[in-house]
Structure formats: structure tokens, C-alpha cells
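For reference, upload.cif is printed below; it contains mmCIF, C-alpha atoms and all ligand atoms.
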```
data_final
loop_
_atom_site.group_PDB
_atom_site.id
_atom_site.type_symbol
_atom_site.label_atom_id
_atom_site.label_comp_id
_atom_site.auth_asym_id
_atom_site.auth_seq_id
_atom_site.Cartn_x
_atom_site.Cartn_y
_atom_site.Cartn_z
ATOM 1 C CA MET S 1 -0.028 6.642 -2.421
ATOM 2 C CA PRO S 2 -0.102 8.430 0.939
ATOM 3 C CA LYS S 3 3.119 9.480 2.599
ATOM 4 C CA VAL S 4 3.961 7.469 5.693
ATOM 5 C CA VAL S 5 4.742 9.329 8.907
ATOM 6 C CA ALA S 6 5.860 6.856 11.561
ATOM 7 C CA GLY S 7 6.917 7.551 15.132
ATOM 8 C CA ASN S 8 9.343 5.281 16.977
ATOM 9 C CA TRP S 9 8.890 5.997 20.668
ATOM 10 C CA LYS S 10 11.699 3.630 21.699
ATOM 11 C CA MET S 11 11.605 2.896 25.462
ATOM 12 C CA HIS S 12 9.338 5.826 26.333
ATOM 13 C CA TYR S 13 5.730 6.169 27.461
ATOM 14 C CA GLY S 14 3.850 3.592 29.489
ATOM 15 C CA PRO S 15 0.048 3.308 29.279
ATOM 16 C CA ALA S 16 -0.793 6.499 31.239
ATOM 17 C CA GLU S 17 1.657 8.670 29.304
ATOM 18 C CA THR S 18 0.415 7.123 26.070
ATOM 19 C CA ALA S 19 -3.176 8.132 26.838
ATOM 20 C CA ASN S 20 -1.995 11.615 27.769
ATOM 21 C CA TYR S 21 -0.070 11.880 24.476
ATOM 22 C CA PHE S 22 -3.039 10.929 22.327
ATOM 23 C CA ALA S 23 -5.267 13.440 24.097
ATOM 24 C CA ARG S 24 -2.915 16.076 22.598
ATOM 25 C CA PHE S 25 -2.238 14.487 19.197
ATOM 26 C CA ARG S 26 -4.972 15.642 16.846
ATOM 27 C CA PRO S 27 -3.609 16.473 13.404
ATOM 28 C CA ASP S 28 -6.228 17.496 10.889
ATOM 29 C CA ALA S 29 -4.755 15.174 8.278
ATOM 30 C CA ASN S 30 -6.376 13.391 5.357
ATOM 31 C CA PRO S 31 -5.777 9.616 5.660
ATOM 32 C CA GLU S 32 -5.552 9.469 1.861
ATOM 33 C CA SER S 33 -2.563 11.835 1.958
ATOM 34 C CA VAL S 34 -0.726 10.582 5.016
ATOM 35 C CA SER S 35 -0.714 7.348 6.912
ATOM 36 C CA LEU S 36 0.286 7.579 10.590
ATOM 37 C CA ILE S 37 2.004 4.717 12.392
ATOM 38 C CA PHE S 38 3.185 4.601 16.022
ATOM 39 C CA PHE S 39 5.758 2.085 17.197
ATOM 40 C CA VAL S 40 4.997 2.016 20.914
ATOM 41 C CA ALA S 41 6.134 -0.213 23.775
ATOM 42 C CA GLY S 42 4.189 -3.480 23.615
ATOM 43 C CA LEU S 43 2.755 -2.767 27.067
ATOM 44 C CA SER S 44 1.247 0.480 25.752
ATOM 45 C CA LEU S 45 -0.469 -0.959 22.665
ATOM 46 C CA HIS S 46 -3.823 -1.264 24.374
ATOM 47 C CA ALA S 47 -3.661 2.286 25.757
ATOM 48 C CA ALA S 48 -2.734 3.599 22.304
ATOM 49 C CA LYS S 49 -5.562 1.725 20.643
ATOM 50 C CA THR S 50 -8.166 3.004 23.072
ATOM 51 C CA SER S 51 -6.954 6.597 23.389
ATOM 52 C CA ALA S 52 -6.035 7.658 19.813
ATOM 53 C CA ARG S 53 -8.515 10.302 18.597
ATOM 54 C CA VAL S 54 -7.450 10.233 14.925
ATOM 55 C CA PRO S 55 -6.879 7.219 12.636
ATOM 56 C CA VAL S 56 -3.479 5.715 13.481
ATOM 57 C CA GLU S 57 -1.902 2.319 12.982
ATOM 58 C CA LEU S 58 0.182 0.648 15.657
ATOM 59 C CA GLY S 59 3.326 -1.388 15.683
ATOM 60 C CA VAL S 60 5.875 -2.943 18.020
ATOM 61 C CA GLN S 61 9.577 -2.165 18.002
ATOM 62 C CA SER S 62 10.946 -5.709 18.048
ATOM 63 C CA ILE S 63 9.720 -9.293 17.775
ATOM 64 C CA HIS S 64 11.283 -12.716 18.165
ATOM 65 C CA TRP S 65 11.166 -15.121 15.224
ATOM 66 C CA GLU S 66 9.699 -18.054 17.184
ATOM 67 C CA PRO S 67 5.898 -18.110 17.653
ATOM 68 C CA SER S 68 6.329 -19.184 21.309
ATOM 69 C CA GLY S 69 8.889 -20.900 23.503
ATOM 70 C CA ALA S 70 11.250 -20.769 26.470
ATOM 71 C CA LEU S 71 12.633 -17.352 25.493
ATOM 72 C CA THR S 72 12.328 -15.212 28.607
ATOM 73 C CA GLY S 73 11.623 -11.564 27.905
ATOM 74 C CA GLU S 74 10.784 -11.934 24.229
ATOM 75 C CA THR S 75 7.541 -11.199 22.363
ATOM 76 C CA SER S 76 6.414 -13.149 19.312
ATOM 77 C CA ALA S 77 4.926 -11.633 16.183
ATOM 78 C CA GLU S 78 1.705 -13.541 16.848
ATOM 79 C CA MET S 79 1.395 -12.064 20.348
ATOM 80 C CA ALA S 80 2.034 -8.557 19.022
ATOM 81 C CA ALA S 81 -0.669 -9.023 16.385
ATOM 82 C CA GLU S 82 -3.157 -10.304 18.954
ATOM 83 C CA ALA S 83 -2.391 -7.323 21.216
ATOM 84 C CA GLY S 84 -3.252 -4.833 18.464
ATOM 85 C CA ALA S 85 -0.106 -4.318 16.388
ATOM 86 C CA SER S 86 -0.293 -4.280 12.594
ATOM 87 C CA PHE S 87 3.365 -3.364 12.024
ATOM 88 C CA ALA S 88 6.740 -4.427 13.442
ATOM 89 C CA LEU S 89 10.058 -2.625 13.247
ATOM 90 C CA VAL S 90 12.797 -5.092 12.393
ATOM 91 C CA GLY S 91 16.544 -4.472 12.495
ATOM 92 C CA HIS S 92 16.446 -0.983 13.974
ATOM 93 C CA SER S 93 19.966 0.346 14.382
ATOM 94 C CA GLU S 94 19.684 0.168 18.194
ATOM 95 C CA ARG S 95 18.726 -3.509 17.919
ATOM 96 C CA ARG S 96 21.663 -4.141 15.606
ATOM 97 C CA HIS S 97 24.281 -2.080 17.430
ATOM 98 C CA VAL S 98 23.197 -2.181 21.108
ATOM 99 C CA PHE S 99 21.731 -5.706 21.186
ATOM 100 C CA GLY S 100 23.933 -7.282 18.519
ATOM 101 C CA GLU S 101 21.149 -8.323 16.145
ATOM 102 C CA THR S 102 22.647 -9.831 12.983
ATOM 103 C CA ASP S 103 21.553 -9.683 9.341
ATOM 104 C CA ALA S 104 20.546 -13.355 9.584
ATOM 105 C CA GLU S 105 18.336 -12.662 12.618
ATOM 106 C CA VAL S 106 16.758 -9.730 10.805
ATOM 107 C CA GLY S 107 15.848 -12.129 7.994
ATOM 108 C CA ARG S 108 14.209 -14.553 10.416
ATOM 109 C CA LYS S 109 12.263 -11.764 12.109
ATOM 110 C CA VAL S 110 10.959 -10.468 8.779
ATOM 111 C CA ALA S 111 9.725 -13.990 7.988
ATOM 112 C CA ALA S 112 8.040 -14.170 11.415
ATOM 113 C CA ALA S 113 6.282 -10.842 10.882
ATOM 114 C CA VAL S 114 4.940 -11.973 7.511
ATOM 115 C CA ARG S 115 3.838 -15.306 9.028
ATOM 116 C CA ALA S 116 1.838 -13.471 11.704
ATOM 117 C CA GLY S 117 0.297 -10.983 9.281
ATOM 118 C CA LEU S 118 2.300 -8.008 10.546
ATOM 119 C CA VAL S 119 3.821 -5.537 8.085
ATOM 120 C CA PRO S 120 7.586 -5.493 8.725
ATOM 121 C CA VAL S 121 9.313 -2.114 8.502
ATOM 122 C CA VAL S 122 12.886 -3.220 8.002
ATOM 123 C CA CYS S 123 15.605 -0.753 8.950
ATOM 124 C CA VAL S 124 18.883 -0.496 7.067
ATOM 125 C CA GLY S 125 21.670 2.062 7.211
ATOM 126 C CA GLU S 126 25.391 2.567 7.235
ATOM 127 C CA LEU S 127 27.819 3.624 9.961
ATOM 128 C CA LEU S 128 29.714 6.880 9.481
ATOM 129 C CA GLU S 129 32.994 5.043 8.852
ATOM 130 C CA GLU S 130 31.315 2.902 6.201
ATOM 131 C CA ARG S 131 30.003 5.998 4.431
ATOM 132 C CA ARG S 132 33.408 7.687 4.631
ATOM 133 C CA ALA S 133 35.049 4.583 3.196
ATOM 134 C CA GLY S 134 32.716 4.716 0.186
ATOM 135 C CA ARG S 135 30.905 1.549 1.263
ATOM 136 C CA LEU S 136 27.324 2.887 1.394
ATOM 137 C CA ALA S 137 26.002 0.821 -1.524
ATOM 138 C CA GLU S 138 27.784 -2.331 -0.428
ATOM 139 C CA VAL S 139 26.356 -2.130 3.115
ATOM 140 C CA LEU S 140 22.807 -1.409 1.960
ATOM 141 C CA ARG S 141 22.909 -4.247 -0.603
ATOM 142 C CA ARG S 142 24.184 -6.675 2.039
ATOM 143 C CA GLN S 143 21.471 -5.685 4.528
ATOM 144 C CA VAL S 144 18.716 -5.934 1.899
ATOM 145 C CA SER S 145 19.881 -9.271 0.526
ATOM 146 C CA ALA S 146 19.715 -10.753 4.046
ATOM 147 C CA PHE S 147 15.948 -10.223 4.379
ATOM 148 C CA LEU S 148 14.798 -10.360 0.763
ATOM 149 C CA PRO S 149 14.327 -14.170 0.708
ATOM 150 C CA SER S 150 11.868 -13.821 3.633
ATOM 151 C CA LEU S 151 9.571 -11.756 1.399
ATOM 152 C CA GLN S 152 9.487 -13.940 -1.670
ATOM 153 C CA GLY S 153 6.197 -15.531 -0.637
ATOM 154 C CA GLY S 154 4.482 -12.135 -0.779
ATOM 155 C CA GLY S 155 3.284 -9.839 1.981
ATOM 156 C CA ARG S 156 3.350 -6.117 2.422
ATOM 157 C CA PHE S 157 6.517 -4.529 3.827
ATOM 158 C CA MET S 158 8.387 -1.238 4.040
ATOM 159 C CA VAL S 159 12.049 -0.347 4.370
ATOM 160 C CA ALA S 160 13.385 2.484 6.527
ATOM 161 C CA TYR S 161 16.734 3.903 5.472
ATOM 162 C CA GLU S 162 18.289 5.219 8.675
ATOM 163 C CA PRO S 163 21.956 6.201 8.431
ATOM 164 C CA VAL S 164 23.360 5.290 11.847
ATOM 165 C CA TRP S 165 25.279 8.584 12.085
ATOM 166 C CA ALA S 166 22.013 10.529 11.797
ATOM 167 C CA ILE S 167 20.021 8.716 14.504
ATOM 168 C CA GLY S 168 19.560 10.833 17.623
ATOM 169 C CA THR S 169 22.516 13.041 16.710
ATOM 170 C CA GLY S 170 20.836 16.078 15.167
ATOM 171 C CA GLU S 171 22.818 15.334 11.975
ATOM 172 C CA THR S 172 20.363 14.757 9.131
ATOM 173 C CA ALA S 173 21.054 13.354 5.714
ATOM 174 C CA THR S 174 20.245 15.901 3.004
ATOM 175 C CA PRO S 175 17.202 15.177 0.842
ATOM 176 C CA GLN S 176 19.690 14.316 -1.910
ATOM 177 C CA ASP S 177 21.536 11.827 0.358
ATOM 178 C CA ALA S 178 18.203 10.221 1.210
ATOM 179 C CA SER S 179 17.130 9.997 -2.454
ATOM 180 C CA ASP S 180 20.465 8.480 -3.455
ATOM 181 C CA ALA S 181 20.369 5.835 -0.713
ATOM 182 C CA HIS S 182 16.710 5.048 -1.408
ATOM 183 C CA GLY S 183 17.593 4.497 -5.076
ATOM 184 C CA ILE S 184 20.235 1.961 -4.030
ATOM 185 C CA VAL S 185 17.758 0.171 -1.728
ATOM 186 C CA ARG S 186 15.076 0.131 -4.429
ATOM 187 C CA GLU S 187 17.461 -1.390 -6.918
ATOM 188 C CA ALA S 188 18.620 -3.991 -4.382
ATOM 189 C CA LEU S 189 14.973 -4.939 -3.759
ATOM 190 C CA GLY S 190 14.659 -5.898 -7.430
ATOM 191 C CA GLU S 191 11.107 -6.783 -8.332
ATOM 192 C CA LEU S 192 9.952 -5.831 -4.821
ATOM 193 C CA GLY S 193 11.367 -2.323 -5.322
ATOM 194 C CA ARG S 194 7.971 -0.674 -5.363
ATOM 195 C CA ALA S 195 7.669 -0.973 -1.574
ATOM 196 C CA PRO S 196 7.544 2.286 0.409
ATOM 197 C CA ILE S 197 10.965 3.455 1.599
ATOM 198 C CA LEU S 198 11.040 5.800 4.592
ATOM 199 C CA TYR S 199 13.888 8.032 5.711
ATOM 200 C CA GLY S 200 14.853 8.163 9.397
ATOM 201 C CA GLY S 201 17.521 9.993 11.371
ATOM 202 C CA SER S 202 16.973 13.332 13.139
ATOM 203 C CA VAL S 203 13.770 14.158 11.249
ATOM 204 C CA LYS S 204 12.210 17.304 12.746
ATOM 205 C CA SER S 205 9.341 19.622 11.913
ATOM 206 C CA GLY S 206 11.818 21.925 10.122
ATOM 207 C CA ASN S 207 13.224 19.329 7.692
ATOM 208 C CA ALA S 208 10.298 16.921 7.252
ATOM 209 C CA THR S 209 8.767 18.692 4.252
ATOM 210 C CA ALA S 210 12.032 18.825 2.289
ATOM 211 C CA LEU S 211 12.789 15.174 3.035
ATOM 212 C CA MET S 212 9.306 13.952 2.147
ATOM 213 C CA SER S 213 9.302 15.956 -1.090
ATOM 214 C CA ALA S 214 12.580 14.392 -2.266
ATOM 215 C CA PRO S 215 12.371 11.848 -5.086
ATOM 216 C CA ASP S 216 12.059 8.254 -3.888
ATOM 217 C CA VAL S 217 11.262 9.223 -0.263
ATOM 218 C CA ASP S 218 7.858 7.781 0.651
ATOM 219 C CA GLY S 219 7.776 8.920 4.252
ATOM 220 C CA VAL S 220 9.713 9.324 7.480
ATOM 221 C CA LEU S 221 10.481 7.303 10.607
ATOM 222 C CA VAL S 222 10.845 9.720 13.502
ATOM 223 C CA GLY S 223 12.392 9.022 16.899
ATOM 224 C CA GLY S 224 12.970 11.939 19.281
ATOM 225 C CA ALA S 225 10.662 14.403 17.517
ATOM 226 C CA SER S 226 7.735 11.960 17.699
ATOM 227 C CA LEU S 227 7.711 12.151 21.505
ATOM 228 C CA ASP S 228 6.175 15.619 21.556
ATOM 229 C CA PRO S 229 2.580 15.472 20.293
ATOM 230 C CA GLU S 230 2.602 19.086 19.080
ATOM 231 C CA VAL S 231 5.867 18.655 17.156
ATOM 232 C CA PHE S 232 4.747 15.331 15.706
ATOM 233 C CA THR S 233 1.447 16.910 14.667
ATOM 234 C CA LYS S 234 3.482 19.350 12.538
ATOM 235 C CA ILE S 235 5.417 16.463 10.955
ATOM 236 C CA ALA S 236 2.152 14.619 10.269
ATOM 237 C CA MET S 237 0.817 17.743 8.552
ATOM 238 C CA ALA S 238 4.040 18.022 6.505
ATOM 239 C CA GLY S 239 3.302 14.467 5.319
ATOM 240 C CA ASP S 240 -0.274 15.446 4.583
ATOM 241 C CA SER S 241 0.897 18.282 2.295
ATOM 242 C CA ALA S 242 3.649 16.240 0.638
ATOM 243 C CA GLY S 243 1.324 13.258 0.092
ATOM 244 C CA GLY S 244 -1.523 15.383 -1.147
ATOM 245 C CA SER S 245 0.582 17.307 -3.659
ATOM 246 C CA THR S 246 1.237 16.023 -7.152
ATOM 247 C CA GLY S 247 4.973 16.758 -7.133
ATOM 248 C CA GLY S 248 7.685 15.298 -4.968
ATOM 249 C CA GLY S 249 8.605 11.750 -4.109
ATOM 250 C CA SER S 250 7.765 8.700 -6.122
ATOM 251 C CA ALA S 251 5.081 6.575 -4.591
ATOM 252 C CA GLY S 252 6.501 3.363 -6.044
HETATM 253 P P1 LIG M 1 15.765 10.104 15.741
HETATM 254 O O1 LIG M 1 15.574 8.499 15.699
HETATM 255 O O2 LIG M 1 14.644 10.681 14.932
HETATM 256 O O3 LIG M 1 15.694 10.467 17.186
HETATM 257 O O4 LIG M 1 17.093 10.388 15.112
HETATM 258 C C1 LIG M 1 15.155 7.836 14.539
HETATM 259 C C2 LIG M 1 15.023 6.365 14.831
HETATM 260 O O5 LIG M 1 15.793 5.843 15.647
HETATM 261 O O6 LIG M 1 14.153 5.673 14.249
#
```

Could you show the structure in this file as C-alpha cells?
Ligand code: PGA
Amino acid sequence: MPKVVAGNWKMHYGPAETANYFARFRPDANPESVSLIFFVAGLSLHAAKTSARVPVELGVQSIHWEPSGALTGETSAEMAAEAGASFALVGHSERRHVFGETDAEVGRKVAAAVRAGLVPVVCVGELLEERRAGRLAEVLRRQVSAFLPSLQGGGRFMVAYEPVWAIGTGETATPQDASDAHGIVREALGELGRAPILYGGSVKSGNATALMSAPDVDGVLVGGASLDPEVFTKIAMAGDSAGGSTGGGSAG
């Protein structure tokens, strides 16, 4: 199975900057070794689709669970799919901690993504105080159990393990930390535990290879370092090597 290298641009890059980015993003990667996904602003989906020069898949960073309605400012999964998205991030730490998204809402959004034919990439991860209090497994199991019922009808999905203390801080989990947490998530997923599990949190070109070679790590979700096309090209190529090699992480 190819490694997954996903970029989360957050609230960066409108259509013109998106086109400019893709003019400079040209990794010489084998799609059988690495699969590239960009979570762009919804308003930049069209620009991404028309300007990418290498095979990439596109996703949105948030969806609402209703297909339509009087919900000013929201985007439905169906609209995202029609506009060119194949993936949707759900439950990103900034959605949970800045916008107050709950576990129950994450579950509804996962169901909406599946309904619309989008692949949800569901983010889980513990706060620093939870890790220090020895509550890592408990938190991950709680977060997984909240969205698992939404997947029982089938449908492709991925999980991104993103420890909150590692997001945008320069602090990265060690490959061992990532493997351990991914093992917990896989177990909590039960019979759906073969889904790809990505690591996110201060992934850079210098640590991407070690993380993607760790057991149980199927790819990376990259924030800040995905904003520079040259840096993200290096991370894509790290995925290409890790996915093309026979050793390293389990594909599940
Ligand atoms: P970061 O963000 O790579 O900038 O830490 C990761 C994320 O928020 O998905």
C-alpha cells in the first residue's frame, strides 16, 4: 500500500497562490509508492484541480453534517464533493479546540462524509496534560469510539493521530511515540483497524523518513511544512522511498 503524504494548508492560499504553488510542486514520485492529498480552502479547490502538474487528490478541511440548510457559513459534504474534493478532514485539533467541535459532532460529520462519498480523515490526539496524566489510551479510545458507529455501513476512511502538543509547536512525537499511539488507535478500531493511520504534528523534511518508516505509521499529515512547495516536495519524496521500500511501517 502506498504511503500517504497529506498537506493541511489551513487558512492559507487563495486561488492565485494555489496556482503559483502547484507551478512549483513537481515531485518525481511514483503514485504506487506515495499518494498525495492536499486539504485546501474550499474556495481554492478549483484552482488546485486545474493547476496541479502531478497526480494529487484534494480534500476540504471541514464539513457540516447536514446536506443543506439555513446554516450560514457552512459547507456540506455534498457541495465539497461536487466542487472537486474526494477527502474531508474531520475533527482536526483546531476544529475541536478553537471552534469547540465535540466528539458527537465529529461522529455526525464522519457519517456525512461517507454519505457524500468523501473519504473522511478523522483526527484524534491528546493534550499535553492528558499525556502527562497517563491518559493517552483513554483519550484515543474515547475519540475513536465516538466516530466508529458512523463507519459500520462501510466506506473508506483514514485516521490521523495528531498529538495536540505537537501541532505547530516544533515538538514532534518520536517514531516510537507515533507507533505506540497508532497501535492503540488500531486496536480501538477493532475490525476496521486495517485503515491507514497517519501521523501529524510538526512533520518536516528532516523527520518525515523516520516517522514514515516506523511500524504502524502509514503516512503523514503535514501543516506548516506543506506550505512551501520545495519542502513539501522533499516530504513527498520521503514518502515515495518509504512506500516503495519493503521494510518499515505496516500497510494494514
Ligand atoms: P503542523 O500541523 O505540521 O504545522 O504541526 C499539523 C496539522 O495541524 O495537521

Close residues to ligand LIG 1 (chain M) using all atoms listed in the file, limit 8 Å, as a list in words: Gly7, Asn8, Lys10, His92, Ser93, Glu94, Glu162, Ala166, Ile167, Gly168, Thr169, Gly170, Gly200, Gly201, Ser202, Val203, Lys204, Leu221, Val222, Gly223, Gly224, Ala225 and Ser226 of chain S

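Note on the selection: in this file the PyMOL selection byres (((chain S and resi 153) around 12) and not hetatm) comes out as Val110, Ala111, Val114, Arg115, Leu148, Pro149, Ser150, Leu151, Gln152, Gly154, Gly155, Arg156, Phe157 and Leu192 of chain S.
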
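For the residues S:Arg135, S:Ala236, S:Glu130, S:Pro2, ranking by smallest atom-to-atom distance to Val54 in chain S using all atoms listed in the file places S:Ala236 first.
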
Option closest in space to Ser86 in chain S, from S:Phe22, S:Tyr161, S:Tyr199, S:Phe39 [counting only C-alpha atoms]: S:Phe39

Give me the residues within 12 Å of Pro67 in chain S as a ChimeraX atom specification, counting all atoms listed in the file and dropping any in the same chain fewer than 6 places off. /S:74-81,108-109,111-116

Apply the PyMOL selection byres (((chain S and resi 196) around 9) and not hetatm) to the structure shown and report the selected residues as a PyMOL selection string. chain S and resi 3-4+157-160+193-195+197-198+216-219+251-252

Suppose you want the space between CA of Lys234 in chain S and CA of Leu128 in chain S; what is it in Å? 29.2 Å

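Minimum distance to Ile63 in chain S across S:Ala48, S:Val139, S:Met1, S:Val90 (counting only C-alpha atoms) occurs at S:Val90.
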
Would you mind completing range 45-71 of chain S to N, CA, C and O atoms and writing the output as a PDB file, keeping the file's coordinate frame?
```pdb
ATOM      1  N   LEU S  45       0.362  -0.795  23.869  1.00  0.00           N
ATOM      2  CA  LEU S  45      -0.469  -0.959  22.665  1.00  0.00           C
ATOM      3  C   LEU S  45      -1.947  -0.739  22.977  1.00  0.00           C
ATOM      4  O   LEU S  45      -2.656  -0.037  22.257  1.00  0.00           O
ATOM      5  N   HIS S  46      -2.396  -1.358  24.053  1.00  0.00           N
ATOM      6  CA  HIS S  46      -3.823  -1.264  24.374  1.00  0.00           C
ATOM      7  C   HIS S  46      -4.208   0.193  24.661  1.00  0.00           C
ATOM      8  O   HIS S  46      -5.226   0.691  24.163  1.00  0.00           O
ATOM      9  N   ALA S  47      -3.371   0.877  25.446  1.00  0.00           N
ATOM     10  CA  ALA S  47      -3.661   2.286  25.757  1.00  0.00           C
ATOM     11  C   ALA S  47      -3.681   3.118  24.477  1.00  0.00           C
ATOM     12  O   ALA S  47      -4.531   4.007  24.303  1.00  0.00           O
ATOM     13  N   ALA S  48      -2.769   2.832  23.559  1.00  0.00           N
ATOM     14  CA  ALA S  48      -2.734   3.599  22.304  1.00  0.00           C
ATOM     15  C   ALA S  48      -4.006   3.343  21.503  1.00  0.00           C
ATOM     16  O   ALA S  48      -4.626   4.269  20.973  1.00  0.00           O
ATOM     17  N   LYS S  49      -4.384   2.087  21.428  1.00  0.00           N
ATOM     18  CA  LYS S  49      -5.562   1.725  20.643  1.00  0.00           C
ATOM     19  C   LYS S  49      -6.821   2.395  21.183  1.00  0.00           C
ATOM     20  O   LYS S  49      -7.671   2.850  20.424  1.00  0.00           O
ATOM     21  N   THR S  50      -6.930   2.469  22.500  1.00  0.00           N
ATOM     22  CA  THR S  50      -8.166   3.004  23.072  1.00  0.00           C
ATOM     23  C   THR S  50      -8.134   4.523  23.221  1.00  0.00           C
ATOM     24  O   THR S  50      -9.186   5.134  23.402  1.00  0.00           O
ATOM     25  N   SER S  51      -6.977   5.146  23.144  1.00  0.00           N
ATOM     26  CA  SER S  51      -6.954   6.597  23.389  1.00  0.00           C
ATOM     27  C   SER S  51      -6.709   7.442  22.140  1.00  0.00           C
ATOM     28  O   SER S  51      -6.902   8.664  22.184  1.00  0.00           O
ATOM     29  N   ALA S  52      -6.289   6.846  21.014  1.00  0.00           N
ATOM     30  CA  ALA S  52      -6.035   7.658  19.813  1.00  0.00           C
ATOM     31  C   ALA S  52      -7.341   8.287  19.329  1.00  0.00           C
ATOM     32  O   ALA S  52      -8.370   7.618  19.262  1.00  0.00           O
ATOM     33  N   ARG S  53      -7.287   9.582  19.028  1.00  0.00           N
ATOM     34  CA  ARG S  53      -8.515  10.302  18.597  1.00  0.00           C
ATOM     35  C   ARG S  53      -8.570  10.488  17.083  1.00  0.00           C
ATOM     36  O   ARG S  53      -9.537  11.039  16.565  1.00  0.00           O
ATOM     37  N   VAL S  54      -7.484  10.134  16.394  1.00  0.00           N
ATOM     38  CA  VAL S  54      -7.450  10.233  14.925  1.00  0.00           C
ATOM     39  C   VAL S  54      -7.021   8.849  14.418  1.00  0.00           C
ATOM     40  O   VAL S  54      -6.467   8.064  15.183  1.00  0.00           O
ATOM     41  N   PRO S  55      -7.258   8.552  13.128  1.00  0.00           N
ATOM     42  CA  PRO S  55      -6.879   7.219  12.636  1.00  0.00           C
ATOM     43  C   PRO S  55      -5.359   7.026  12.669  1.00  0.00           C
ATOM     44  O   PRO S  55      -4.617   7.800  12.060  1.00  0.00           O
ATOM     45  N   VAL S  56      -4.906   6.036  13.435  1.00  0.00           N
ATOM     46  CA  VAL S  56      -3.479   5.715  13.481  1.00  0.00           C
ATOM     47  C   VAL S  56      -3.345   4.193  13.423  1.00  0.00           C
ATOM     48  O   VAL S  56      -4.256   3.467  13.812  1.00  0.00           O
ATOM     49  N   GLU S  57      -2.198   3.739  12.938  1.00  0.00           N
ATOM     50  CA  GLU S  57      -1.902   2.319  12.982  1.00  0.00           C
ATOM     51  C   GLU S  57      -0.799   2.118  14.006  1.00  0.00           C
ATOM     52  O   GLU S  57      -0.025   3.031  14.294  1.00  0.00           O
ATOM     53  N   LEU S  58      -0.744   0.899  14.556  1.00  0.00           N
ATOM     54  CA  LEU S  58       0.182   0.648  15.657  1.00  0.00           C
ATOM     55  C   LEU S  58       1.147  -0.470  15.322  1.00  0.00           C
ATOM     56  O   LEU S  58       0.817  -1.407  14.599  1.00  0.00           O
ATOM     57  N   GLY S  59       2.337  -0.342  15.879  1.00  0.00           N
ATOM     58  CA  GLY S  59       3.326  -1.388  15.683  1.00  0.00           C
ATOM     59  C   GLY S  59       4.174  -1.567  16.925  1.00  0.00           C
ATOM     60  O   GLY S  59       4.160  -0.729  17.840  1.00  0.00           O
ATOM     61  N   VAL S  60       4.902  -2.699  16.953  1.00  0.00           N
ATOM     62  CA  VAL S  60       5.875  -2.943  18.020  1.00  0.00           C
ATOM     63  C   VAL S  60       7.280  -2.690  17.471  1.00  0.00           C
ATOM     64  O   VAL S  60       7.482  -2.612  16.267  1.00  0.00           O
ATOM     65  N   GLN S  61       8.226  -2.573  18.389  1.00  0.00           N
ATOM     66  CA  GLN S  61       9.577  -2.165  18.002  1.00  0.00           C
ATOM     67  C   GLN S  61      10.520  -3.342  17.784  1.00  0.00           C
ATOM     68  O   GLN S  61      11.624  -3.171  17.253  1.00  0.00           O
ATOM     69  N   SER S  62      10.118  -4.517  18.229  1.00  0.00           N
ATOM     70  CA  SER S  62      10.946  -5.709  18.048  1.00  0.00           C
ATOM     71  C   SER S  62      10.080  -6.937  18.259  1.00  0.00           C
ATOM     72  O   SER S  62       9.113  -6.895  19.023  1.00  0.00           O
ATOM     73  N   ILE S  63      10.407  -8.012  17.568  1.00  0.00           N
ATOM     74  CA  ILE S  63       9.720  -9.293  17.775  1.00  0.00           C
ATOM     75  C   ILE S  63      10.781 -10.386  17.774  1.00  0.00           C
ATOM     76  O   ILE S  63      11.889 -10.179  17.269  1.00  0.00           O
ATOM     77  N   HIS S  64      10.423 -11.535  18.333  1.00  0.00           N
ATOM     78  CA  HIS S  64      11.283 -12.716  18.165  1.00  0.00           C
ATOM     79  C   HIS S  64      10.758 -13.515  16.982  1.00  0.00           C
ATOM     80  O   HIS S  64       9.615 -13.328  16.577  1.00  0.00           O
ATOM     81  N   TRP S  65      11.610 -14.373  16.409  1.00  0.00           N
ATOM     82  CA  TRP S  65      11.166 -15.121  15.224  1.00  0.00           C
ATOM     83  C   TRP S  65      10.363 -16.373  15.573  1.00  0.00           C
ATOM     84  O   TRP S  65       9.632 -16.879  14.746  1.00  0.00           O
ATOM     85  N   GLU S  66      10.478 -16.861  16.819  1.00  0.00           N
ATOM     86  CA  GLU S  66       9.699 -18.054  17.184  1.00  0.00           C
ATOM     87  C   GLU S  66       8.276 -17.625  17.556  1.00  0.00           C
ATOM     88  O   GLU S  66       8.075 -16.573  18.143  1.00  0.00           O
ATOM     89  N   PRO S  67       7.277 -18.458  17.284  1.00  0.00           N
ATOM     90  CA  PRO S  67       5.898 -18.110  17.653  1.00  0.00           C
ATOM     91  C   PRO S  67       5.658 -18.202  19.153  1.00  0.00           C
ATOM     92  O   PRO S  67       4.780 -17.533  19.700  1.00  0.00           O
ATOM     93  N   SER S  68       6.428 -19.057  19.852  1.00  0.00           N
ATOM     94  CA  SER S  68       6.329 -19.184  21.309  1.00  0.00           C
ATOM     95  C   SER S  68       7.536 -20.003  21.755  1.00  0.00           C
ATOM     96  O   SER S  68       8.240 -20.571  20.922  1.00  0.00           O
ATOM     97  N   GLY S  69       7.773 -20.064  23.052  1.00  0.00           N
ATOM     98  CA  GLY S  69       8.889 -20.900  23.503  1.00  0.00           C
ATOM     99  C   GLY S  69       9.496 -20.410  24.799  1.00  0.00           C
ATOM    100  O   GLY S  69       9.057 -19.413  25.383  1.00  0.00           O
ATOM    101  N   ALA S  70      10.540 -21.125  25.241  1.00  0.00           N
ATOM    102  CA  ALA S  70      11.250 -20.769  26.470  1.00  0.00           C
ATOM    103  C   ALA S  70      12.267 -19.684  26.132  1.00  0.00           C
ATOM    104  O   ALA S  70      13.459 -19.948  25.980  1.00  0.00           O
ATOM    105  N   LEU S  71      11.789 -18.464  25.935  1.00  0.00           N
ATOM    106  CA  LEU S  71      12.633 -17.352  25.493  1.00  0.00           C
ATOM    107  C   LEU S  71      12.283 -16.143  26.365  1.00  0.00           C
ATOM    108  O   LEU S  71      11.616 -15.207  25.924  1.00  0.00           O
TER     109      LEU S  71
END
```
